[in-house]
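Trainee: Have a peek at model_28.cif (mmCIF, C-alpha atoms).
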```cif
data_coords
loop_
_atom_site.label_atom_id
_atom_site.label_comp_id
_atom_site.auth_asym_id
_atom_site.auth_seq_id
_atom_site.Cartn_x
_atom_site.Cartn_y
_atom_site.Cartn_z
CA MET A 1 -14.08 -13.56 27.18
CA ALA A 2 -14.68 -15.08 23.78
CA ARG A 3 -14.38 -18.85 23.62
CA ASN A 4 -13.94 -18.95 19.86
CA GLN A 5 -10.33 -18.28 18.86
CA PHE A 6 -11.44 -16.69 15.57
CA PHE A 7 -13.42 -13.98 17.33
CA ARG A 8 -10.74 -13.52 19.95
CA PHE A 9 -8.21 -12.91 17.17
CA LEU A 10 -10.34 -10.57 15.03
CA GLY A 11 -12.15 -8.75 17.83
CA TYR A 12 -15.79 -9.06 16.65
CA PRO A 13 -15.63 -7.21 13.32
CA THR A 14 -18.87 -5.91 11.84
CA LEU A 15 -20.07 -6.13 8.26
CA ARG A 16 -18.74 -2.60 7.70
CA ASP A 17 -15.28 -3.70 8.85
CA TYR A 18 -15.30 -6.61 6.41
CA LEU A 19 -16.40 -4.28 3.59
CA VAL A 20 -13.58 -1.84 4.41
CA PHE A 21 -11.15 -4.76 4.45
CA ALA A 22 -12.37 -5.98 1.04
CA LEU A 23 -12.26 -2.45 -0.41
CA ALA A 24 -8.69 -1.96 0.83
CA LEU A 25 -7.59 -5.28 -0.67
CA GLY A 26 -9.26 -4.26 -3.94
CA LEU A 27 -7.30 -1.00 -3.91
CA TYR A 28 -4.08 -2.91 -3.26
CA LEU A 29 -4.94 -5.14 -6.22
CA CYS A 30 -5.49 -2.04 -8.40
CA ALA A 31 -2.12 -0.70 -7.24
CA SER A 32 -0.41 -3.96 -8.18
CA LEU A 33 -2.10 -4.09 -11.58
CA SER A 34 -1.17 -0.46 -12.27
CA TYR A 35 2.47 -1.21 -11.55
CA TRP A 36 2.33 -4.46 -13.55
CA TRP A 37 1.10 -2.56 -16.64
CA THR A 38 4.32 -0.53 -16.62
CA LEU A 39 6.47 -3.66 -16.99
CA GLU A 40 6.27 -3.54 -20.75
CA GLY A 41 9.33 -4.09 -22.91
CA GLY A 42 10.03 -3.53 -26.54
CA ASP A 43 11.67 -1.17 -28.99
CA LEU A 44 13.40 1.90 -27.53
CA GLU A 45 11.36 4.37 -29.59
CA TYR A 46 8.14 2.65 -28.55
CA LEU A 47 9.16 2.87 -24.88
CA LYS A 48 10.05 6.56 -25.23
CA GLY A 49 6.58 7.22 -26.59
CA LYS A 50 4.96 5.38 -23.68
CA THR A 51 7.00 7.07 -20.92
CA ASN A 52 4.20 9.45 -19.92
CA THR A 53 1.72 6.58 -19.76
CA PHE A 54 4.10 4.59 -17.57
CA ALA A 55 4.57 7.58 -15.27
CA VAL A 56 0.80 7.99 -14.88
CA TRP A 57 0.37 4.29 -14.05
CA LEU A 58 3.16 4.46 -11.46
CA VAL A 59 1.53 7.47 -9.78
CA VAL A 60 -1.88 5.74 -9.86
CA SER A 61 -0.30 2.70 -8.24
CA VAL A 62 1.22 4.75 -5.42
CA GLY A 63 -2.08 6.61 -4.94
CA CYS A 64 -4.16 3.42 -4.73
CA ALA A 65 -1.78 1.83 -2.23
CA LEU A 66 -1.72 5.00 -0.12
CA VAL A 67 -5.52 5.29 -0.08
CA ALA A 68 -5.84 1.61 0.86
CA SER A 69 -3.34 1.98 3.71
CA LEU A 70 -5.03 5.10 5.07
CA LEU A 71 -8.46 3.50 4.72
CA LEU A 72 -7.36 0.53 6.81
CA ARG A 73 -5.77 2.83 9.38
CA THR A 74 -8.73 5.15 9.84
CA ALA A 75 -11.70 2.84 9.30
CA LEU A 76 -10.71 -0.12 11.46
CA LEU A 77 -10.69 0.67 15.15
CA THR A 78 -8.32 -0.72 17.74
CA THR A 79 -10.80 -3.49 18.55
CA ASN A 80 -10.19 -4.75 15.01
CA GLY A 81 -6.46 -4.13 14.98
CA ASN A 82 -5.62 -7.62 13.80
CA LEU A 83 -7.93 -7.21 10.80
CA LYS A 84 -6.10 -3.97 9.98
CA TYR A 85 -2.70 -5.65 10.26
CA MET A 86 -3.89 -8.56 8.13
CA GLY A 87 -4.99 -6.07 5.45
CA TRP A 88 -1.65 -4.27 5.53
CA THR A 89 0.26 -7.55 5.39
CA CYS A 90 -1.77 -8.91 2.47
CA GLY A 91 -1.60 -5.61 0.57
CA PHE A 92 2.11 -5.02 0.98
CA SER A 93 2.88 -8.67 0.20
CA LEU A 94 0.91 -8.33 -3.03
CA LEU A 95 2.77 -5.11 -3.90
CA LEU A 96 6.12 -6.68 -3.05
CA LEU A 97 5.43 -9.73 -5.20
CA THR A 98 4.39 -7.51 -8.10
CA ALA A 99 7.32 -5.10 -7.71
CA THR A 100 9.93 -7.85 -7.61
CA ARG A 101 8.38 -9.93 -10.39
CA ASP A 102 10.61 -8.59 -13.17
CA LEU A 103 14.14 -7.56 -12.20
CA GLY A 104 15.87 -7.79 -15.58
CA THR A 105 17.92 -4.90 -16.93
CA ASP A 106 17.48 -5.16 -20.71
CA LEU A 107 14.77 -3.38 -22.70
CA GLN A 108 12.60 -6.47 -22.86
CA HIS A 109 12.50 -6.66 -19.05
CA HIS A 110 13.11 -3.21 -17.55
CA GLY A 111 11.65 -3.84 -14.12
CA GLN A 112 14.63 -2.52 -12.16
CA PHE A 113 14.19 0.97 -13.60
CA ASN A 114 10.46 0.89 -12.77
CA LEU A 115 11.24 -0.37 -9.28
CA ILE A 116 13.66 2.51 -8.67
CA VAL A 117 11.13 5.08 -9.90
CA TYR A 118 8.38 3.40 -7.87
CA PHE A 119 10.39 3.63 -4.67
CA LEU A 120 11.40 7.22 -5.44
CA LEU A 121 7.68 8.02 -5.63
CA TRP A 122 7.14 6.29 -2.29
CA ILE A 123 9.87 8.20 -0.39
CA PRO A 124 7.90 11.47 0.09
CA VAL A 125 4.68 9.57 0.84
CA VAL A 126 6.27 7.41 3.53
CA GLY A 127 8.13 10.42 4.92
CA CYS A 128 4.94 12.44 5.28
CA VAL A 129 3.08 9.54 6.90
CA LEU A 130 5.93 8.96 9.36
CA VAL A 131 6.08 12.64 10.30
CA TYR A 132 2.29 12.72 10.80
CA GLU A 133 2.29 9.56 12.90
CA GLY A 134 5.22 10.81 14.98
CA CYS A 135 3.52 14.16 15.63
CA SER A 136 0.27 12.40 16.56
CA ALA A 137 2.06 10.09 18.98
CA ALA A 138 3.97 13.01 20.53
CA LYS A 139 0.77 15.05 20.89
CA GLN A 140 -0.96 12.13 22.62
CA ARG A 141 1.94 11.62 25.01
CA VAL A 142 2.11 15.32 25.87
CA SER A 143 -1.65 15.56 26.43
CA ASN A 144 -1.55 12.46 28.69
CA ALA A 145 1.41 13.72 30.71
CA ARG A 146 0.89 14.96 34.25
CA VAL A 147 2.14 18.38 35.12
#
```
Take the structure in the file and give it back as structure tokens.
Mentor:
Amino acid sequence: MARNQFFRFLGYPTLRDYLVFALALGLYLCASLSYWWTLEGGDLEYLKGKTNTFAVWLVVSVGCALVASLLLRTALLTTNGNLKYMGWTCGFSLLLLTATRDLGTDLQHHGQFNLIVYFLLWIPVVGCVLVYEGCSAAKQRVSNARV
């Protein structure tokens, strides 16, 4: 049994685990910056011209956050579960702070529209992940069941 509370909490992570953790937080930071770049206001014609650029940045943001979440899930083993949960908590807190930063409704601050589109992009991603996790859990329970 570990006497140091730090190692008891983290579960003896290796250098590789710390690198995965740092990479995932970097991806969460890229996702937040990509979303933040879409919070641009201005003239209506200017915004119409930048709509495709905003859409690309929103998709990049969702992609970076998804890759970071999957990286934490697959790369950190159960012995380092707390490190994985710390990464998810830090990443989603950063995304939540960025997504709720601008909630105005005028053209100078159009964050509510971006937030709606951002969450609409997340719905299929979260749905697919939940279906996959549910099927994996069901498969594990069925394979562990006694006949």
Trainee: Where does the PyMOL selection byres ((chain A and resi 34) around 10) land in this file, that is, which residues does it pick, as a PyMOL selection string?
Mentor: chain A and resi 28-33+35-39+54+56-62+64+98
Trainee: Since we have the selection now, will you write its residues out, keeping C-alpha atoms, as a PDB file, in the frame of the given file?
Mentor:
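For reference, part.pdb as written:
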```pdb
ATOM      1  CA  TYR A  28      -4.080  -2.910  -3.260  1.00  0.00           C
ATOM      2  CA  LEU A  29      -4.940  -5.140  -6.220  1.00  0.00           C
ATOM      3  CA  CYS A  30      -5.490  -2.040  -8.400  1.00  0.00           C
ATOM      4  CA  ALA A  31      -2.120  -0.700  -7.240  1.00  0.00           C
ATOM      5  CA  SER A  32      -0.410  -3.960  -8.180  1.00  0.00           C
ATOM      6  CA  LEU A  33      -2.100  -4.090 -11.580  1.00  0.00           C
ATOM      7  CA  TYR A  35       2.470  -1.210 -11.550  1.00  0.00           C
ATOM      8  CA  TRP A  36       2.330  -4.460 -13.550  1.00  0.00           C
ATOM      9  CA  TRP A  37       1.100  -2.560 -16.640  1.00  0.00           C
ATOM     10  CA  THR A  38       4.320  -0.530 -16.620  1.00  0.00           C
ATOM     11  CA  LEU A  39       6.470  -3.660 -16.990  1.00  0.00           C
ATOM     12  CA  PHE A  54       4.100   4.590 -17.570  1.00  0.00           C
ATOM     13  CA  VAL A  56       0.800   7.990 -14.880  1.00  0.00           C
ATOM     14  CA  TRP A  57       0.370   4.290 -14.050  1.00  0.00           C
ATOM     15  CA  LEU A  58       3.160   4.460 -11.460  1.00  0.00           C
ATOM     16  CA  VAL A  59       1.530   7.470  -9.780  1.00  0.00           C
ATOM     17  CA  VAL A  60      -1.880   5.740  -9.860  1.00  0.00           C
ATOM     18  CA  SER A  61      -0.300   2.700  -8.240  1.00  0.00           C
ATOM     19  CA  VAL A  62       1.220   4.750  -5.420  1.00  0.00           C
ATOM     20  CA  CYS A  64      -4.160   3.420  -4.730  1.00  0.00           C
ATOM     21  CA  THR A  98       4.390  -7.510  -8.100  1.00  0.00           C
TER      22      THR A  98
END
```
Trainee: Have a look at atom CA of A:Leu23 and atom CA of A:Ser93 and let me know their distance in Å, one decimal.
Mentor: 16.4 Å
Trainee: In file coordinates, which residues lie within 12 Å of (-0.7, -4.8, 5.7) using all atoms listed in the file, given as a list in words?
Mentor: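 Residues with an atom at most 12 Å from (-0.7, -4.8, 5.7): Phe21, Ala24, Leu25, Tyr28, Ala65, Leu66, Ala68, Ser69, Leu70, Leu71, Leu72, Arg73, Gly81, Asn82, Leu83, Lys84, Tyr85, Met86, Gly87, Trp88, Thr89, Cys90, Gly91, Phe92, Ser93, Leu94, Leu95 and Leu96 of chain A.
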Trainee: Figure out the distance between atom CA of A:Ala99 and atom CA of A:Leu115, please, to one decimal in Å.
Mentor: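 Taking atom CA of A:Leu115 and atom CA of A:Ala99, their separation equals 6.3 Å.
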Trainee: What are the centre and the three edge lengths of an axis-aligned box that wraps all atoms of stretch 130-140 of chain A in the file, given that 5 Å is added to every side, written as JSON and rounded to one decimal in Å?
Mentor:
```
{"center_x": 2.6, "center_y": 12.0, "center_z": 16.0, "size_x": 17.0, "size_y": 16.1, "size_z": 23.3}
```
Trainee: In Å, how far is it from atom CA of A:Leu120 to atom CA of A:Asp43?
Mentor: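 Going from atom CA of A:Leu120 over to atom CA of A:Asp43 covers 25.0 Å.
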Trainee: So which one's closest to A:Val126, A:Ala75, A:Gly63, A:Val142, A:Arg101? Using only C-alpha atoms, please.
Mentor: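 Result for the nearest residue to A:Val126: A:Gly63.
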Trainee: With all atoms listed in the file as the atoms that count, which of A:Pro124, A:Val67, A:Cys135, A:Glu45 lies nearest to A:Leu27?
Mentor: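 Selected residue with least distance to A:Leu27: A:Val67.
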